[in-house]
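*Asks:* Got a structure for you, questions after.
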Amino acid sequence: MDEKNTCSIQSGASFYKINGLSADEFPPLPNFKEEKKVVLPQETVKSMMKKTSFAISTDESRYVLNGIFISLKDHKMTMVATDGRRLALGGRRSGCSEKSQGEFIVPAKAVNELNRLLQDKGK
């Protein structure tokens with residue numbers, strides 16, 4: 001790397017220059033509170049995502065339906081997905097505390113990556 005954030009790579013007869021950006025140009029990463037942390041078995045999350053992900057909408061104009069809605073409330077995790085015709089709902093008890101309750105939508109691309117990365121064992 002040089003002072004202009006250009007990375008030079010040479011291997012054999014090949015030579016590449018890759019332009020980059022300074023780390024100062026990116027916003028700082030947020031600090032998450034430890035009290036909001038929820039630990040779940042990977043196999044539980046993976047099986048629930050597989051059971052609900054088939055109903056994720058692929059219609060770009062209905063972007064709210066392009067993912068899985070996950071709710072962590074009352075010591076229960078609920079996942080819901082729909083495309084307007086099909087509805088998939090799954091729920092399991094979880095160890096989420098009162099402070100870690102919340103609701104969010106996981107986009108379809110993130111669901112696919114999580115299904116690929118999650119294993120059958122572990123937390």
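Following the order of the structure tokens, first chain is A, next is B, and so on, with residues numbered from 1 inside each chain and ligands from 1 in the order they appear.
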Just want the 8 Å neighbourhood of region 66-70 of chain A, counted on only C-alpha atoms, with same-chain residues fewer than 6 positions away dropped. Output as a list in words.
*Replies:* Met49, Thr52, Ser53, Ile56, Ser57, Thr58, Asp59, Glu60, Met77, Thr78, Met79, Val80, Ala81, Asp83, Glu103, Phe104, Ile105, Val106, Pro107, Ala108 and Val111 of chain A
*Asks:* Going by DSSP on the backbone, which residues of chain A come out as strand (DSSP E)? List them as a PyMOL selection string.
*Replies:* chain A and resi 6-11+14-19+67-73+76-82+87-93+102-107
*Asks:* Write out as a list in words which residues come within 8 Å of Gln101 (chain A) when counting only C-alpha atoms, dropping same-chain ones fewer than 5 positions away.
*Replies:* Lys36, Ser71, Leu72, Lys73, Asp74 and Cys96 of chain A
*Asks:* Pull all heavy atoms from the residues just selected and write them as an mmCIF file, in the first residue's frame.
*Replies:*
data_model
loop_
_atom_site.group_PDB
_atom_site.id
_atom_site.type_symbol
_atom_site.label_atom_id
_atom_site.label_comp_id
_atom_site.auth_asym_id
_atom_site.auth_seq_id
_atom_site.Cartn_x
_atom_site.Cartn_y
_atom_site.Cartn_z
ATOM 1 N N LYS A 36 -27.910 -7.003 24.946
ATOM 2 C CA LYS A 36 -28.824 -7.271 23.828
ATOM 3 C C LYS A 36 -28.511 -8.582 23.118
ATOM 4 O O LYS A 36 -29.194 -8.971 22.195
ATOM 5 C CB LYS A 36 -28.751 -6.131 22.806
ATOM 6 C CG LYS A 36 -29.254 -4.820 23.304
ATOM 7 C CD LYS A 36 -30.716 -4.727 23.066
ATOM 8 C CE LYS A 36 -31.216 -3.337 23.383
ATOM 9 N NZ LYS A 36 -32.632 -3.229 23.204
ATOM 10 N N SER A 71 -38.974 -12.069 15.040
ATOM 11 C CA SER A 71 -39.419 -11.426 16.265
ATOM 12 C C SER A 71 -38.867 -12.190 17.459
ATOM 13 O O SER A 71 -39.026 -13.412 17.543
ATOM 14 C CB SER A 71 -40.949 -11.401 16.309
ATOM 15 O OG SER A 71 -41.400 -10.919 17.556
ATOM 16 N N LEU A 72 -38.217 -11.479 18.355
ATOM 17 C CA LEU A 72 -37.716 -12.051 19.603
ATOM 18 C C LEU A 72 -38.478 -11.392 20.745
ATOM 19 O O LEU A 72 -38.154 -10.275 21.158
ATOM 20 C CB LEU A 72 -36.216 -11.797 19.755
ATOM 21 C CG LEU A 72 -35.319 -12.471 18.727
ATOM 22 C CD1 LEU A 72 -33.933 -11.865 18.752
ATOM 23 C CD2 LEU A 72 -35.250 -13.954 18.995
ATOM 24 N N LYS A 73 -39.541 -12.058 21.205
ATOM 25 C CA LYS A 73 -40.380 -11.518 22.268
ATOM 26 C C LYS A 73 -40.890 -12.643 23.140
ATOM 27 O O LYS A 73 -41.124 -13.756 22.663
ATOM 28 C CB LYS A 73 -41.582 -10.769 21.689
ATOM 29 C CG LYS A 73 -41.255 -9.442 21.074
ATOM 30 C CD LYS A 73 -42.510 -8.707 20.709
ATOM 31 C CE LYS A 73 -42.156 -7.341 20.175
ATOM 32 N NZ LYS A 73 -43.336 -6.598 19.763
ATOM 33 N N ASP A 74 -41.093 -12.322 24.408
ATOM 34 C CA ASP A 74 -41.704 -13.250 25.365
ATOM 35 C C ASP A 74 -41.014 -14.608 25.382
ATOM 36 O O ASP A 74 -41.671 -15.648 25.361
ATOM 37 C CB ASP A 74 -43.200 -13.413 25.076
ATOM 38 C CG ASP A 74 -43.943 -12.097 25.132
ATOM 39 O OD1 ASP A 74 -43.561 -11.248 25.957
ATOM 40 O OD2 ASP A 74 -44.884 -11.909 24.344
ATOM 41 N N CYS A 96 -34.074 -15.519 25.004
ATOM 42 C CA CYS A 96 -33.912 -14.069 24.946
ATOM 43 C C CYS A 96 -34.500 -13.429 26.203
ATOM 44 O O CYS A 96 -35.582 -13.782 26.645
ATOM 45 C CB CYS A 96 -34.520 -13.484 23.683
ATOM 46 S SG CYS A 96 -36.298 -13.492 23.603
#
*Asks:* So which bits of chain A end up helix (DSSP H, G or I) when you DSSP the backbone, as a ChimeraX atom specification?
*Replies:* /A:23-25,34-36,42-55,63-65,108-117
*Asks:* Counting only C-alpha atoms, figure out which residue out of A:Arg86, A:Leu114, A:Ala13, A:Phe32 gets nearest to Phe54 (chain A).
*Replies:* A:Arg86
*Asks:* In Å, with one decimal, what is the gap from CA of Leu87 (chain A) to CA of Lys46 (chain A)?
*Replies:*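 Between CA of Leu87 (chain A) and CA of Lys46 (chain A) the gap is 18.2 Å.
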*Asks:* Please indicate the distance in Å from CA of His75 (chain A) to CA of Asn115 (chain A), rounded to one decimal place.
*Replies:*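 Value for the CA of His75 (chain A)-CA of Asn115 (chain A) distance: 23.3 Å.
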*Asks:* Would you list the contacts of Ala23 (chain A) as a ChimeraX atom specification, taking every protein, DNA or RNA residue within 12 Å and counting only C-alpha atoms, but skipping same-chain residues closer than 6 positions in sequence?
*Replies:* /A:4-5,29
*Asks:* From the options A:Thr6, A:Asn19, A:Thr44, A:Asn31, which residue's atoms come nearest to Arg92 (chain A), counting only C-alpha atoms?
*Replies:* A:Thr44
*Asks:* Excluding Glu43 (chain A) and any residue of its chain fewer than 4 positions from it, enumerate the residues within 8 Å of it, using only C-alpha atoms, and give them as a list in words.
*Replies:*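 Listing them by chain and then by number gives Ser47, Leu118, Gln119, Asp120, Lys121 and Gly122 of chain A.
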*Asks:* Counting only C-alpha atoms, what is within 9 Å of Val39 (chain A), bar same-chain residues fewer than 2 positions away, as a VMD selection string?
*Replies:* chain A and resid 37 41 94 to 96 123
*Asks:* Quick check, in Å to one decimal: how far apart do CA of Ala88 (chain A) and CA of Val64 (chain A) lie?
*Replies:*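 So the two atoms, CA of Ala88 (chain A) and CA of Val64 (chain A), lie 15.1 Å apart.
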